[in-house]
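Source file: final.cif; contents: mmCIF, C-alpha atoms.
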```
data_run
loop_
_atom_site.label_atom_id
_atom_site.label_comp_id
_atom_site.auth_asym_id
_atom_site.auth_seq_id
_atom_site.Cartn_x
_atom_site.Cartn_y
_atom_site.Cartn_z
CA MET A 1 -23.45 -22.06 5.20
CA LYS A 2 -21.32 -19.04 5.89
CA GLN A 3 -22.40 -16.18 8.07
CA THR A 4 -23.36 -13.02 6.24
CA PHE A 5 -21.55 -9.75 6.88
CA PHE A 6 -24.37 -8.53 9.14
CA GLN A 7 -24.60 -11.79 11.07
CA GLN A 8 -20.87 -11.57 11.82
CA LEU A 9 -21.23 -7.93 12.77
CA ARG A 10 -24.07 -8.83 15.13
CA SER A 11 -22.07 -11.66 16.73
CA HIS A 12 -19.08 -9.37 17.36
CA PHE A 13 -21.24 -6.52 18.63
CA LYS A 14 -23.35 -8.70 20.92
CA HIS A 15 -20.30 -10.42 22.35
CA GLY A 16 -18.37 -7.13 22.70
CA LEU A 17 -21.31 -5.62 24.56
CA SER A 18 -21.36 -8.54 27.01
CA ALA A 19 -17.59 -8.22 27.45
CA GLU A 20 -17.89 -4.48 28.21
CA LEU A 21 -20.79 -5.02 30.62
CA ALA A 22 -18.79 -7.74 32.38
CA GLU A 23 -16.20 -5.09 33.25
CA PRO A 24 -18.17 -2.02 34.41
CA GLN A 25 -15.07 -0.47 36.00
CA ARG A 26 -13.79 0.28 32.49
CA TRP A 27 -16.48 2.84 31.76
CA VAL A 28 -17.32 3.79 35.35
CA GLY A 29 -13.69 4.93 35.64
CA SER A 30 -14.08 7.16 32.57
CA PHE A 31 -17.32 8.61 33.94
CA LEU A 32 -15.61 9.47 37.24
CA PHE A 33 -12.89 11.17 35.21
CA ALA A 34 -15.58 13.25 33.45
CA LEU A 35 -17.09 14.23 36.80
CA THR A 36 -13.66 15.29 38.04
CA ILE A 37 -13.23 17.55 34.99
CA LEU A 38 -16.68 19.03 35.67
CA PHE A 39 -15.75 19.69 39.30
CA LEU A 40 -12.35 21.23 38.50
CA PHE A 41 -13.69 23.50 35.76
CA ALA A 42 -16.39 24.79 38.15
CA PHE A 43 -13.54 26.64 39.93
CA ALA A 44 -12.10 27.95 36.66
CA LEU A 45 -15.42 29.49 35.60
CA GLY A 46 -15.67 31.83 38.64
CA ASP A 47 -16.99 35.26 37.65
CA LEU A 48 -16.10 35.01 33.98
CA GLU A 49 -18.09 37.13 31.57
CA GLU A 50 -20.66 35.18 29.53
CA LYS A 51 -18.68 35.15 26.28
CA MET A 52 -15.54 33.83 27.95
CA LYS A 53 -17.57 31.32 29.98
CA VAL A 54 -18.99 29.75 26.81
CA GLN A 55 -15.48 29.50 25.36
CA VAL A 56 -14.19 27.77 28.51
CA LEU A 57 -17.19 25.41 28.61
CA THR A 58 -16.64 24.48 24.95
CA ALA A 59 -13.00 23.72 25.73
CA GLU A 60 -14.07 21.72 28.78
CA PHE A 61 -16.48 19.59 26.77
CA PHE A 62 -14.05 18.71 23.99
CA LEU A 63 -11.11 18.23 26.34
CA CYS A 64 -13.15 15.77 28.39
CA SER A 65 -14.45 13.99 25.27
CA PHE A 66 -10.92 13.68 23.88
CA PHE A 67 -9.55 12.00 27.01
CA VAL A 68 -12.60 9.80 27.63
CA LEU A 69 -12.37 8.54 24.05
CA GLN A 70 -8.63 8.01 24.32
CA ILE A 71 -9.08 5.88 27.44
CA THR A 72 -11.93 3.94 25.78
CA HIS A 73 -9.87 3.27 22.64
CA LEU A 74 -6.75 2.23 24.47
CA ARG A 75 -8.76 -0.47 26.26
CA ILE A 76 -11.10 -1.47 23.44
CA PHE A 77 -9.25 -4.76 22.74
CA ALA A 78 -8.40 -5.49 26.38
CA ALA A 79 -10.90 -8.36 26.71
CA GLU A 80 -9.41 -10.15 23.69
CA GLU A 81 -5.81 -9.50 24.68
CA GLU A 82 -6.06 -11.01 28.16
CA ASP A 83 -5.91 -14.65 27.11
CA LYS A 84 -4.94 -14.36 23.44
CA ALA A 85 -8.55 -14.69 22.27
CA VAL A 86 -7.51 -12.28 19.54
CA ASP A 87 -5.44 -15.05 17.91
CA ILE A 88 -8.48 -17.29 17.83
CA ILE A 89 -10.63 -14.55 16.27
CA GLN A 90 -8.02 -14.12 13.54
CA SER A 91 -7.99 -17.86 12.88
CA TYR A 92 -11.79 -17.92 12.54
CA PRO A 93 -13.66 -17.42 9.25
CA THR A 94 -14.67 -13.89 10.05
CA VAL A 95 -14.36 -10.78 7.87
CA MET A 96 -12.17 -8.60 10.07
CA SER A 97 -13.91 -5.40 8.97
CA THR A 98 -17.07 -6.64 10.76
CA TYR A 99 -14.96 -6.88 13.90
CA TYR A 100 -13.74 -3.31 13.29
CA ILE A 101 -17.25 -1.91 12.80
CA ALA A 102 -18.51 -3.71 15.91
CA LYS A 103 -15.65 -2.22 17.95
CA VAL A 104 -16.30 1.28 16.55
CA LEU A 105 -19.99 0.95 17.42
CA LEU A 106 -19.10 -0.18 20.95
CA ALA A 107 -16.63 2.69 21.34
CA ILE A 108 -19.32 5.14 20.19
CA LEU A 109 -21.93 3.61 22.48
CA PHE A 110 -19.80 3.60 25.63
CA SER A 111 -18.27 7.02 24.93
CA ALA A 112 -21.76 8.44 24.32
CA LEU A 113 -22.92 6.93 27.62
CA ILE A 114 -20.29 9.09 29.33
CA ILE A 115 -20.11 12.17 27.14
CA PHE A 116 -23.82 12.92 26.78
CA PRO A 117 -24.69 12.70 30.52
CA PHE A 118 -21.57 14.86 31.08
CA LEU A 119 -22.95 17.36 28.56
CA GLY A 120 -26.32 17.25 30.34
CA LEU A 121 -24.65 18.09 33.64
CA MET A 122 -22.78 20.98 31.99
CA ILE A 123 -26.07 22.38 30.69
CA LEU A 124 -27.76 21.96 34.07
CA LEU A 125 -24.97 23.15 36.35
CA HIS A 126 -23.19 25.78 34.24
CA GLY A 127 -25.87 26.82 31.78
CA PHE A 128 -23.83 25.65 28.78
CA PRO A 129 -26.00 26.69 25.78
CA ALA A 130 -25.58 23.34 24.02
CA LEU A 131 -29.18 22.23 23.87
CA THR A 132 -29.39 22.54 20.09
CA GLY A 133 -29.59 20.02 17.29
CA LYS A 134 -26.58 21.58 15.58
CA PHE A 135 -24.34 21.09 18.61
CA ALA A 136 -25.61 17.51 19.00
CA LEU A 137 -24.56 16.94 15.38
CA ILE A 138 -21.08 18.39 16.02
CA ALA A 139 -20.66 16.22 19.12
CA ALA A 140 -21.91 13.09 17.32
CA LEU A 141 -19.60 13.62 14.31
CA SER A 142 -16.63 14.19 16.63
CA VAL A 143 -17.33 11.01 18.59
CA VAL A 144 -17.73 8.93 15.39
CA SER A 145 -14.55 10.37 13.81
CA LEU A 146 -12.42 9.87 16.90
CA SER A 147 -13.83 6.37 17.47
CA ALA A 148 -13.14 5.30 13.88
CA LEU A 149 -9.58 6.61 14.21
CA GLY A 150 -8.98 5.41 17.76
CA VAL A 151 -10.09 1.80 17.15
CA LEU A 152 -7.85 1.53 14.09
CA LEU A 153 -4.80 2.96 15.89
CA SER A 154 -5.49 0.85 18.96
CA TRP A 155 -5.43 -2.29 16.80
CA MET A 156 -2.32 -1.15 14.91
CA THR A 157 -0.39 -0.55 18.14
CA GLN A 158 -1.80 -3.60 19.90
CA LYS A 159 1.37 -5.66 19.76
CA ALA A 160 3.82 -2.76 19.79
CA PHE A 161 6.33 -2.25 22.57
CA GLY A 162 5.61 0.90 24.57
CA ARG A 163 2.04 0.93 23.32
CA GLU A 164 0.86 3.38 26.01
CA LEU A 165 3.30 5.92 24.59
CA LEU A 166 2.92 5.09 20.91
CA PHE A 167 -0.88 5.22 20.83
CA PRO A 168 -1.27 8.85 22.02
CA LEU A 169 1.67 9.88 19.82
CA LEU A 170 -0.20 8.64 16.74
CA TYR A 171 -3.67 9.53 17.97
CA PHE A 172 -3.06 13.11 19.02
CA PRO A 173 -1.91 14.66 15.68
CA LEU A 174 -4.73 12.93 13.78
CA ALA A 175 -7.34 13.93 16.38
CA VAL A 176 -6.34 17.62 16.30
CA PRO A 177 -8.16 18.46 13.01
CA VAL A 178 -11.34 16.86 14.41
CA LEU A 179 -11.11 18.83 17.66
CA LEU A 180 -10.22 22.04 15.83
CA SER A 181 -13.16 21.84 13.42
CA ALA A 182 -15.56 20.80 16.21
CA VAL A 183 -14.50 23.70 18.44
CA GLN A 184 -14.62 26.23 15.59
CA ALA A 185 -18.05 25.00 14.41
CA SER A 186 -19.29 25.34 18.01
CA PHE A 187 -17.89 28.89 18.24
CA CYS A 188 -19.92 29.75 15.12
CA LEU A 189 -23.03 28.56 16.96
CA TRP A 190 -22.31 30.76 20.02
CA GLY A 191 -21.56 33.81 17.87
CA LEU A 192 -17.87 33.70 18.78
CA ALA A 193 -16.93 33.18 15.12
CA PRO A 194 -18.63 34.22 11.88
CA GLU A 195 -21.84 32.20 11.45
CA ALA A 196 -21.13 31.83 7.74
CA MET A 197 -18.15 29.64 8.62
CA PHE A 198 -20.33 27.06 10.40
CA LEU A 199 -21.03 24.96 7.31
CA LYS A 200 -17.37 25.01 6.28
CA TRP A 201 -16.18 23.70 9.66
CA LEU A 202 -19.01 21.16 9.73
CA SER A 203 -18.05 19.98 6.22
CA LEU A 204 -14.46 19.52 7.37
CA LEU A 205 -15.66 17.55 10.39
CA SER A 206 -17.94 15.38 8.23
CA GLY A 207 -15.11 14.84 5.73
CA LEU A 208 -12.76 13.70 8.49
CA CYS A 209 -15.46 11.38 9.81
CA VAL A 210 -15.87 9.75 6.37
CA ILE A 211 -12.09 9.56 5.78
CA TYR A 212 -11.26 7.98 9.16
CA PHE A 213 -14.11 5.49 8.98
CA THR A 214 -13.31 4.50 5.38
CA LEU A 215 -9.61 4.17 6.20
CA GLY A 216 -10.38 1.98 9.20
CA PHE A 217 -12.84 -0.18 7.28
CA LEU A 218 -10.46 -0.74 4.36
CA LEU A 219 -7.20 -1.02 6.29
CA PHE A 220 -8.34 -3.20 9.19
CA ASP A 221 -8.52 -6.36 7.07
CA GLU A 222 -5.12 -5.60 5.51
CA ILE A 223 -3.25 -5.02 8.75
CA THR A 224 -4.70 -8.13 10.38
CA GLY A 225 -3.86 -10.52 7.56
CA TRP A 226 -0.41 -11.61 8.73
CA GLU A 227 1.69 -11.05 11.79
CA MET B 1 -9.12 -43.68 -4.88
CA ILE B 2 -6.63 -40.96 -3.98
CA GLU B 3 -7.80 -38.90 -1.03
CA ASN B 4 -7.47 -35.14 -1.32
CA PRO B 5 -5.23 -33.75 1.42
CA MET B 6 -6.90 -31.76 4.16
CA LEU B 7 -3.77 -29.71 4.52
CA LYS B 8 -0.81 -29.41 2.21
CA VAL B 9 2.46 -27.72 3.11
CA ASP B 10 4.78 -27.02 0.20
CA GLN B 11 8.42 -25.87 0.52
CA LEU B 12 7.67 -23.86 3.62
CA SER B 13 10.46 -21.79 5.16
CA PHE B 14 10.48 -19.34 8.01
CA SER B 15 13.22 -17.18 9.37
CA PHE B 16 13.03 -14.80 12.29
CA GLN B 17 15.63 -12.14 13.05
CA HIS B 18 18.14 -13.75 10.65
CA LYS B 19 17.60 -17.19 12.20
CA GLN B 20 16.24 -19.91 9.94
CA LEU B 21 13.68 -21.85 11.98
CA PHE B 22 12.81 -24.33 9.25
CA GLU B 23 13.48 -24.61 5.55
CA SER B 24 11.72 -26.24 2.58
CA LEU B 25 9.29 -28.11 4.76
CA SER B 26 6.75 -30.19 2.82
CA PHE B 27 4.11 -32.57 4.08
CA GLU B 28 0.44 -33.46 3.71
CA LEU B 29 -2.31 -34.23 6.13
CA LYS B 30 -5.09 -36.51 4.92
CA PRO B 31 -8.46 -37.08 6.59
CA GLY B 32 -7.92 -39.35 9.60
CA ASP B 33 -4.25 -38.34 10.01
CA ILE B 34 -3.06 -37.24 13.44
CA LEU B 35 0.42 -35.80 13.11
CA HIS B 36 2.70 -35.46 16.11
CA LEU B 37 4.85 -32.35 15.66
CA LYS B 38 7.87 -32.55 17.92
CA GLY B 39 11.30 -31.12 18.49
CA PRO B 40 13.37 -29.29 21.07
CA ASN B 41 12.32 -25.95 22.61
CA GLY B 42 12.70 -23.05 20.22
CA CYS B 43 12.84 -25.12 17.04
CA GLY B 44 9.72 -23.45 15.61
CA LYS B 45 6.85 -25.86 16.37
CA SER B 46 4.49 -23.16 17.63
CA THR B 47 5.55 -20.84 14.82
CA LEU B 48 4.77 -23.54 12.26
CA LEU B 49 1.34 -24.10 13.79
CA SER B 50 0.57 -20.36 13.77
CA ILE B 51 1.57 -20.22 10.08
CA LEU B 52 -0.80 -23.12 9.36
CA ALA B 53 -3.54 -21.26 11.27
CA GLY B 54 -2.98 -18.27 8.99
CA LEU B 55 -1.67 -16.01 11.75
CA ARG B 56 1.88 -15.61 10.46
CA LYS B 57 3.34 -15.15 7.04
CA PRO B 58 5.96 -17.70 5.99
CA SER B 59 9.25 -16.47 4.50
CA SER B 60 8.55 -18.66 1.48
CA GLY B 61 6.44 -21.61 0.42
CA GLN B 62 2.74 -22.11 0.76
CA VAL B 63 0.08 -23.75 2.88
CA ARG B 64 -3.20 -24.94 1.35
CA ILE B 65 -6.12 -26.07 3.46
CA LYS B 66 -8.59 -27.95 1.27
CA SER B 67 -7.08 -26.11 -1.71
CA SER B 68 -7.47 -22.64 -0.18
CA ALA B 69 -4.61 -20.44 1.03
CA ALA B 70 -4.09 -20.74 4.81
CA ASN B 71 -5.05 -17.15 5.60
CA SER B 72 -8.22 -17.15 3.48
CA ILE B 73 -11.67 -17.16 5.03
CA GLU B 74 -12.46 -20.47 3.27
CA ALA B 75 -9.43 -22.17 4.85
CA ARG B 76 -10.20 -20.75 8.27
CA SER B 77 -13.63 -22.37 8.26
CA PHE B 78 -11.95 -25.82 8.18
CA ILE B 79 -9.51 -25.37 11.03
CA GLU B 80 -9.62 -24.96 14.76
CA TYR B 81 -6.52 -23.58 16.46
CA LEU B 82 -5.43 -23.88 20.08
CA PRO B 83 -2.57 -21.52 21.00
CA PRO B 84 0.16 -22.54 23.44
CA GLU B 85 0.24 -21.29 27.04
CA LYS B 86 -2.97 -19.25 26.81
CA SER B 87 -6.37 -20.78 26.06
CA GLY B 88 -7.95 -17.97 24.04
CA LEU B 89 -10.79 -17.27 26.45
CA PHE B 90 -12.66 -14.12 27.37
CA LEU B 91 -11.75 -14.20 31.03
CA LYS B 92 -14.48 -11.88 32.34
CA MET B 93 -17.18 -13.96 30.70
CA THR B 94 -18.73 -17.28 31.60
CA ALA B 95 -17.92 -20.63 30.00
CA ARG B 96 -21.33 -20.59 28.33
CA GLN B 97 -20.83 -17.09 26.88
CA ASN B 98 -17.41 -18.09 25.56
CA LEU B 99 -18.69 -21.19 23.76
CA SER B 100 -21.77 -19.39 22.47
CA PHE B 101 -19.64 -16.65 20.89
CA TRP B 102 -17.17 -19.00 19.22
CA SER B 103 -19.90 -21.21 17.80
CA SER B 104 -21.76 -18.17 16.46
CA LEU B 105 -18.63 -17.11 14.56
CA LYS B 106 -18.52 -20.53 12.90
CA ASP B 107 -22.19 -20.12 12.07
CA ARG B 108 -23.17 -23.02 14.26
CA GLN B 109 -25.39 -21.01 16.63
CA SER B 110 -25.22 -23.93 19.05
CA ALA B 111 -28.28 -24.19 21.21
CA THR B 112 -27.82 -23.71 24.94
CA GLY B 113 -28.56 -27.41 25.41
CA GLU B 114 -25.75 -28.41 23.08
CA ILE B 115 -23.31 -26.05 24.82
CA ASP B 116 -24.32 -27.35 28.25
CA ARG B 117 -23.88 -30.94 27.05
CA CYS B 118 -20.41 -30.08 25.74
CA LEU B 119 -19.50 -28.43 29.06
CA ARG B 120 -20.74 -31.50 30.94
CA ASN B 121 -18.66 -33.77 28.70
CA TRP B 122 -15.58 -31.81 29.68
CA GLY B 123 -16.43 -31.90 33.38
CA LEU B 124 -17.46 -28.24 33.43
CA GLY B 125 -21.18 -28.77 33.85
CA SER B 126 -21.80 -27.54 37.39
CA ALA B 127 -23.75 -24.33 37.90
CA PHE B 128 -20.74 -22.67 39.56
CA ILE B 129 -18.61 -23.31 36.51
CA LYS B 130 -21.25 -22.41 33.95
CA TYR B 131 -22.18 -19.03 35.41
CA PHE B 132 -18.89 -17.73 36.81
CA PRO B 133 -16.27 -15.74 34.89
CA THR B 134 -13.59 -17.99 33.49
CA GLN B 135 -10.88 -15.91 35.19
CA ARG B 136 -11.76 -17.86 38.35
CA PHE B 137 -10.93 -21.13 36.60
CA SER B 138 -7.74 -23.07 37.27
CA THR B 139 -5.27 -23.50 34.39
CA GLY B 140 -6.56 -27.01 33.76
CA MET B 141 -10.20 -25.87 33.69
CA LYS B 142 -9.33 -23.11 31.21
CA ARG B 143 -7.63 -25.69 29.00
CA ARG B 144 -10.67 -27.95 29.24
CA LEU B 145 -12.90 -25.08 28.15
CA ALA B 146 -10.59 -24.31 25.22
CA LEU B 147 -10.77 -27.97 24.19
CA ALA B 148 -14.56 -27.87 24.61
CA ARG B 149 -14.59 -24.98 22.09
CA ILE B 150 -12.64 -27.14 19.66
CA SER B 151 -14.83 -30.20 20.09
CA LEU B 152 -18.01 -28.13 19.72
CA SER B 153 -16.82 -26.63 16.42
CA GLN B 154 -16.71 -29.98 14.60
CA SER B 155 -14.08 -28.54 12.26
CA PRO B 156 -12.29 -31.18 10.19
CA CYS B 157 -8.77 -30.04 11.06
CA PHE B 158 -7.40 -29.30 14.53
CA LEU B 159 -4.14 -27.45 15.13
CA LEU B 160 -3.34 -28.03 18.78
CA ASP B 161 -0.35 -26.52 20.53
CA GLU B 162 0.41 -28.25 23.81
CA PRO B 163 -3.22 -29.27 24.42
CA LEU B 164 -2.33 -31.19 27.59
CA ASN B 165 -0.96 -28.10 29.40
CA GLY B 166 -2.40 -28.08 32.91
CA LEU B 167 -4.76 -31.01 32.31
CA ASP B 168 -5.18 -33.59 35.06
CA GLU B 169 -5.47 -37.32 34.45
CA GLU B 170 -9.19 -37.13 33.75
CA GLY B 171 -8.67 -34.18 31.40
CA VAL B 172 -6.03 -36.11 29.46
CA HIS B 173 -8.41 -39.05 29.19
CA LEU B 174 -11.19 -36.77 27.88
CA PHE B 175 -8.79 -35.25 25.36
CA LYS B 176 -7.71 -38.66 24.12
CA ASN B 177 -11.35 -39.65 23.66
CA MET B 178 -12.06 -36.44 21.75
CA LEU B 179 -9.10 -36.91 19.44
CA GLU B 180 -9.93 -40.57 18.85
CA GLN B 181 -13.52 -39.72 17.97
CA HIS B 182 -12.32 -36.92 15.69
CA ARG B 183 -9.97 -39.30 13.89
CA ASN B 184 -12.68 -41.96 13.55
CA ASN B 185 -14.98 -39.34 12.02
CA GLY B 186 -12.37 -38.63 9.34
CA GLY B 187 -10.96 -35.52 10.99
CA SER B 188 -7.26 -34.73 11.05
CA ALA B 189 -5.03 -32.91 13.50
CA ILE B 190 -1.54 -31.66 14.14
CA VAL B 191 -0.59 -31.90 17.79
CA VAL B 192 2.44 -30.23 19.33
CA SER B 193 3.15 -32.04 22.57
CA HIS B 194 6.06 -33.09 24.70
CA GLU B 195 3.83 -35.75 26.30
CA SER B 196 4.30 -38.15 23.40
CA GLN B 197 3.99 -41.30 25.50
CA ILE B 198 0.46 -40.46 26.63
CA LEU B 199 -0.83 -39.85 23.11
CA LYS B 200 1.36 -42.24 21.09
CA THR B 201 -1.49 -44.65 20.29
CA LEU B 202 -3.38 -41.85 18.54
CA PHE B 203 -0.63 -40.52 16.31
CA THR B 204 -0.57 -41.80 12.77
CA ASP B 205 2.63 -40.00 11.86
CA GLN B 206 5.27 -37.71 13.28
CA LEU B 207 7.33 -34.76 12.15
CA THR B 208 10.44 -33.66 14.01
CA LEU B 209 11.86 -30.17 13.72
CA HIS B 210 15.49 -29.56 14.62
CA LEU B 211 17.32 -26.58 16.01
#
```
Would you give me this structure, written as structure tokens?
Amino acid sequence: MKQTFFQQLRSHFKHGLSAELAEPQRWVGSFLFALTILFLFAFALGDLEEKMKVQVLTAEFFLCSFFVLQITHLRIFAAEEEDKAVDIIQSYPTVMSTYYIAKVLLAILFSALIIFPFLGLMILLHGFPALTGKFALIAALSVVSLSALGVLLSWMTQKAFGRELLFPLLYFPLAVPVLLSAVQASFCLWGLAPEAMFLKWLSLLSGLCVIYFTLGFLLFDEITGWE
Amino acid sequence: MIENPMLKVDQLSFSFQHKQLFESLSFELKPGDILHLKGPNGCGKSTLLSILAGLRKPSSGQVRIKSSAANSIEARSFIEYLPPEKSGLFLKMTARQNLSFWSSLKDRQSATGEIDRCLRNWGLGSAFIKYFPTQRFSTGMKRRLALARISLSQSPCFLLDEPLNGLDEEGVHLFKNMLEQHRNNGGSAIVVSHESQILKTLFTDQLTLHL
């Protein structure tokens, strides 16, 4: 009897979770990076007027999220790469898109474990007015979009020479529309941009989320078929 | 009665960077066949095995595993592949976690008892070995664990690239027993090995690739 799609997804997710937990330094390192950003930006805020402060805090949040996600994605296949377990996975009767979804879910989970406590600290320490459902939605859509994109690009560049250079080169231009729409939608919430534009920026963000996830889901099987 | 081949290679060719590694290669593997794949370094043995495992695309020709194309999900459920040099382990995880994951992907959901028995059979049954990350293992112990994965799978066709790498005398003996049992159960295998003398009694046929 063959495993169903969801059974395979569960196997990959459960195993991936154990692999991530076996290497806590991978996400502890990212969390320390987030704390450093928080510390450094505390100096930048100084005596800024409220409007400017919110703009800087918004930039701080998305800048931190972008780099935390980039680090997470670059290492998302590290456990499999170490001893060529990735070759065995590809020789097993598994639908590779289940592997992709499991990795996206893990990227979302571990990024959220860093980004949301970081956001909490920003609210507590700097009074960032982000305690709204709408901002949570913007943050969640950004994390999902960037994770869907990052996992796909990480896999595509996995065997490339100069991967550390190639990955950000591909990731950055495709991540810009996500960051731009997330920042603009947030500005609409803080009254720094016309409120009427909020839905338009949110639609763009949601569209990018659907496009990147669908692309990853459909392409992952194709690009893993043959070496 | 004519037995259906477990694996059928038809007019297979592969070239890499303008170098023809092999050309128009055809052979069959029937249940109970253990094929010794040999040849000098760089002649394409490992490449051939990775093509059979569905990891590489041949330049031309085709590979069928029980009538399915080599890179199809159906074909992959019949084979078990051991790569050369590396053992395909998750190094930060324990031997138990490794075997549990691989068996779940083959829908075998092996019980802990079965996994422990398999680890014991391969001399990896002590508590230290079971609960410690495999990165602390020696090369030979990693190879034993990789072979334990293969024996646990009960797949009918093994594709083994230098399975004896790093194995001590006891490990070689355990491997020979595993392969013999596999053959007696009607399983087949292709083994790339330079240690032909040690395994010669098990091989039913041989294929030599040339530079």
Skipping near chain neighbours, those fewer than 6 positions away, what residues fall within 10 Å of Ala136 of chain A using all atoms listed in the file, listed as a short mmCIF file (atom, residue, chain, number, x, y, z; two decimals) with C-alpha atoms, in the frame of the given file?
```cif
data_model
loop_
_atom_site.label_atom_id
_atom_site.label_comp_id
_atom_site.auth_asym_id
_atom_site.auth_seq_id
_atom_site.Cartn_x
_atom_site.Cartn_y
_atom_site.Cartn_z
CA PHE A 116 -23.82 12.92 26.78
CA LEU A 119 -22.95 17.36 28.56
CA ALA A 130 -25.58 23.34 24.02
CA SER A 142 -16.63 14.19 16.63
#
```
- Any chance you could resolve the PyMOL selection byres ((chain B and resi 157) around 12) against this file and give the residues as a ChimeraX atom specification? /B:5-8,29-35,52-53,65-66,75-82,150-151,153-156,158-160,179,182-183,185-191
- Quick one, how far is atom CA of Gly61 of chain B from atom CA of Gln11 of chain B? 4.7 Å
- Determine the residue membership of the PyMOL selection byres ((chain B) within 9 of (chain A)) for the file above and supply it as a PyMOL selection string. chain B and resi 50-51+53-57+71-83+86-93+97-98+101-102+104-107+133
- Message: One decimal, in Å: what's the spacing between atom CA of Ser103 of chain B and atom CA of Phe13 of chain A?
- Response: 14.8 Å
Using the chain letters and numbering of this document, enumerate as a PDB file with C-alpha atoms, keeping the file's coordinate frame the residues selected by the PyMOL selection byres ((chain A and resi 72) around 10).
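Heads up, here's the output in selection-v3.pdb:
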```
ATOM      1  CA  ARG A  26     -13.790   0.280  32.490  1.00  0.00           C
ATOM      2  CA  TRP A  27     -16.480   2.840  31.760  1.00  0.00           C
ATOM      3  CA  SER A  30     -14.080   7.160  32.570  1.00  0.00           C
ATOM      4  CA  PHE A  66     -10.920  13.680  23.880  1.00  0.00           C
ATOM      5  CA  PHE A  67      -9.550  12.000  27.010  1.00  0.00           C
ATOM      6  CA  VAL A  68     -12.600   9.800  27.630  1.00  0.00           C
ATOM      7  CA  LEU A  69     -12.370   8.540  24.050  1.00  0.00           C
ATOM      8  CA  GLN A  70      -8.630   8.010  24.320  1.00  0.00           C
ATOM      9  CA  ILE A  71      -9.080   5.880  27.440  1.00  0.00           C
ATOM     10  CA  HIS A  73      -9.870   3.270  22.640  1.00  0.00           C
ATOM     11  CA  LEU A  74      -6.750   2.230  24.470  1.00  0.00           C
ATOM     12  CA  ARG A  75      -8.760  -0.470  26.260  1.00  0.00           C
ATOM     13  CA  ILE A  76     -11.100  -1.470  23.440  1.00  0.00           C
ATOM     14  CA  PHE A  77      -9.250  -4.760  22.740  1.00  0.00           C
ATOM     15  CA  LEU A 106     -19.100  -0.180  20.950  1.00  0.00           C
ATOM     16  CA  ALA A 107     -16.630   2.690  21.340  1.00  0.00           C
ATOM     17  CA  ILE A 108     -19.320   5.140  20.190  1.00  0.00           C
ATOM     18  CA  PHE A 110     -19.800   3.600  25.630  1.00  0.00           C
ATOM     19  CA  SER A 111     -18.270   7.020  24.930  1.00  0.00           C
ATOM     20  CA  SER A 147     -13.830   6.370  17.470  1.00  0.00           C
ATOM     21  CA  GLY A 150      -8.980   5.410  17.760  1.00  0.00           C
ATOM     22  CA  VAL A 151     -10.090   1.800  17.150  1.00  0.00           C
ATOM     23  CA  SER A 154      -5.490   0.850  18.960  1.00  0.00           C
TER      24      SER A 154
END
```
- Give me, please, the distance in Å between atom CA of Val144 of chain A and atom CA of Cys209 of chain A, quoted to one decimal.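 So the two atoms, atom CA of Val144 of chain A and atom CA of Cys209 of chain A, lie 6.5 Å apart.
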- Message: At a cut-off of 7 Å, using all atoms listed in the file, what residues contact Thr157 of chain A? Leave out same-chain residues fewer than 4 positions from it and give the result as a VMD selection string.
- Response: chain A and resid 153 163 167
- Counting all atoms listed in the file, what is within 9 Å of Leu205 of chain A, bar same-chain residues fewer than 5 positions away, as a ChimeraX atom specification? /A:138,141-142,145,177-182,185,200,210
- Test item: residues at most 7 Å from Gly216 of chain A, only C-alpha atoms, excluding those fewer than 5 positions along its chain, as a list in words: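 Residues near the query, excluding close chain neighbours: Ala148, Leu149 and Leu152 of chain A.
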- Taking the point (-24.5, -25.7, 19.6) as given in the file, collect each protein or nucleic acid residue that comes within 9 Å of it, counting only C-alpha atoms, and present the set as a VMD selection string. chain B and resid 99 to 100 103 to 104 108 to 116 118 152 to 153
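Considering only C-alpha atoms, the residue among B:Ile129, B:Leu48, B:Met141, B:Leu37 positioned nearest to His194 of chain B is B:Leu37.
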Surrounding residues of Gln55 of chain A excluding itself and chain neighbours under 6 positions, 12 Å, only C-alpha atoms, as a PDB file with C-alpha atoms, in the frame of the given file:
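The result, written out as around.pdb:
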```
ATOM      1  CA  ALA A  44     -12.100  27.950  36.660  1.00  0.00           C
ATOM      2  CA  LEU A  45     -15.420  29.490  35.600  1.00  0.00           C
ATOM      3  CA  LEU A  48     -16.100  35.010  33.980  1.00  0.00           C
ATOM      4  CA  GLU A  49     -18.090  37.130  31.570  1.00  0.00           C
ATOM      5  CA  PHE A  61     -16.480  19.590  26.770  1.00  0.00           C
ATOM      6  CA  PHE A  62     -14.050  18.710  23.990  1.00  0.00           C
ATOM      7  CA  PHE A 128     -23.830  25.650  28.780  1.00  0.00           C
ATOM      8  CA  PRO A 129     -26.000  26.690  25.780  1.00  0.00           C
ATOM      9  CA  ALA A 130     -25.580  23.340  24.020  1.00  0.00           C
ATOM     10  CA  VAL A 183     -14.500  23.700  18.440  1.00  0.00           C
ATOM     11  CA  GLN A 184     -14.620  26.230  15.590  1.00  0.00           C
ATOM     12  CA  SER A 186     -19.290  25.340  18.010  1.00  0.00           C
ATOM     13  CA  PHE A 187     -17.890  28.890  18.240  1.00  0.00           C
ATOM     14  CA  CYS A 188     -19.920  29.750  15.120  1.00  0.00           C
ATOM     15  CA  LEU A 189     -23.030  28.560  16.960  1.00  0.00           C
ATOM     16  CA  TRP A 190     -22.310  30.760  20.020  1.00  0.00           C
ATOM     17  CA  GLY A 191     -21.560  33.810  17.870  1.00  0.00           C
ATOM     18  CA  LEU A 192     -17.870  33.700  18.780  1.00  0.00           C
ATOM     19  CA  ALA A 193     -16.930  33.180  15.120  1.00  0.00           C
TER      20      ALA A 193
END
```
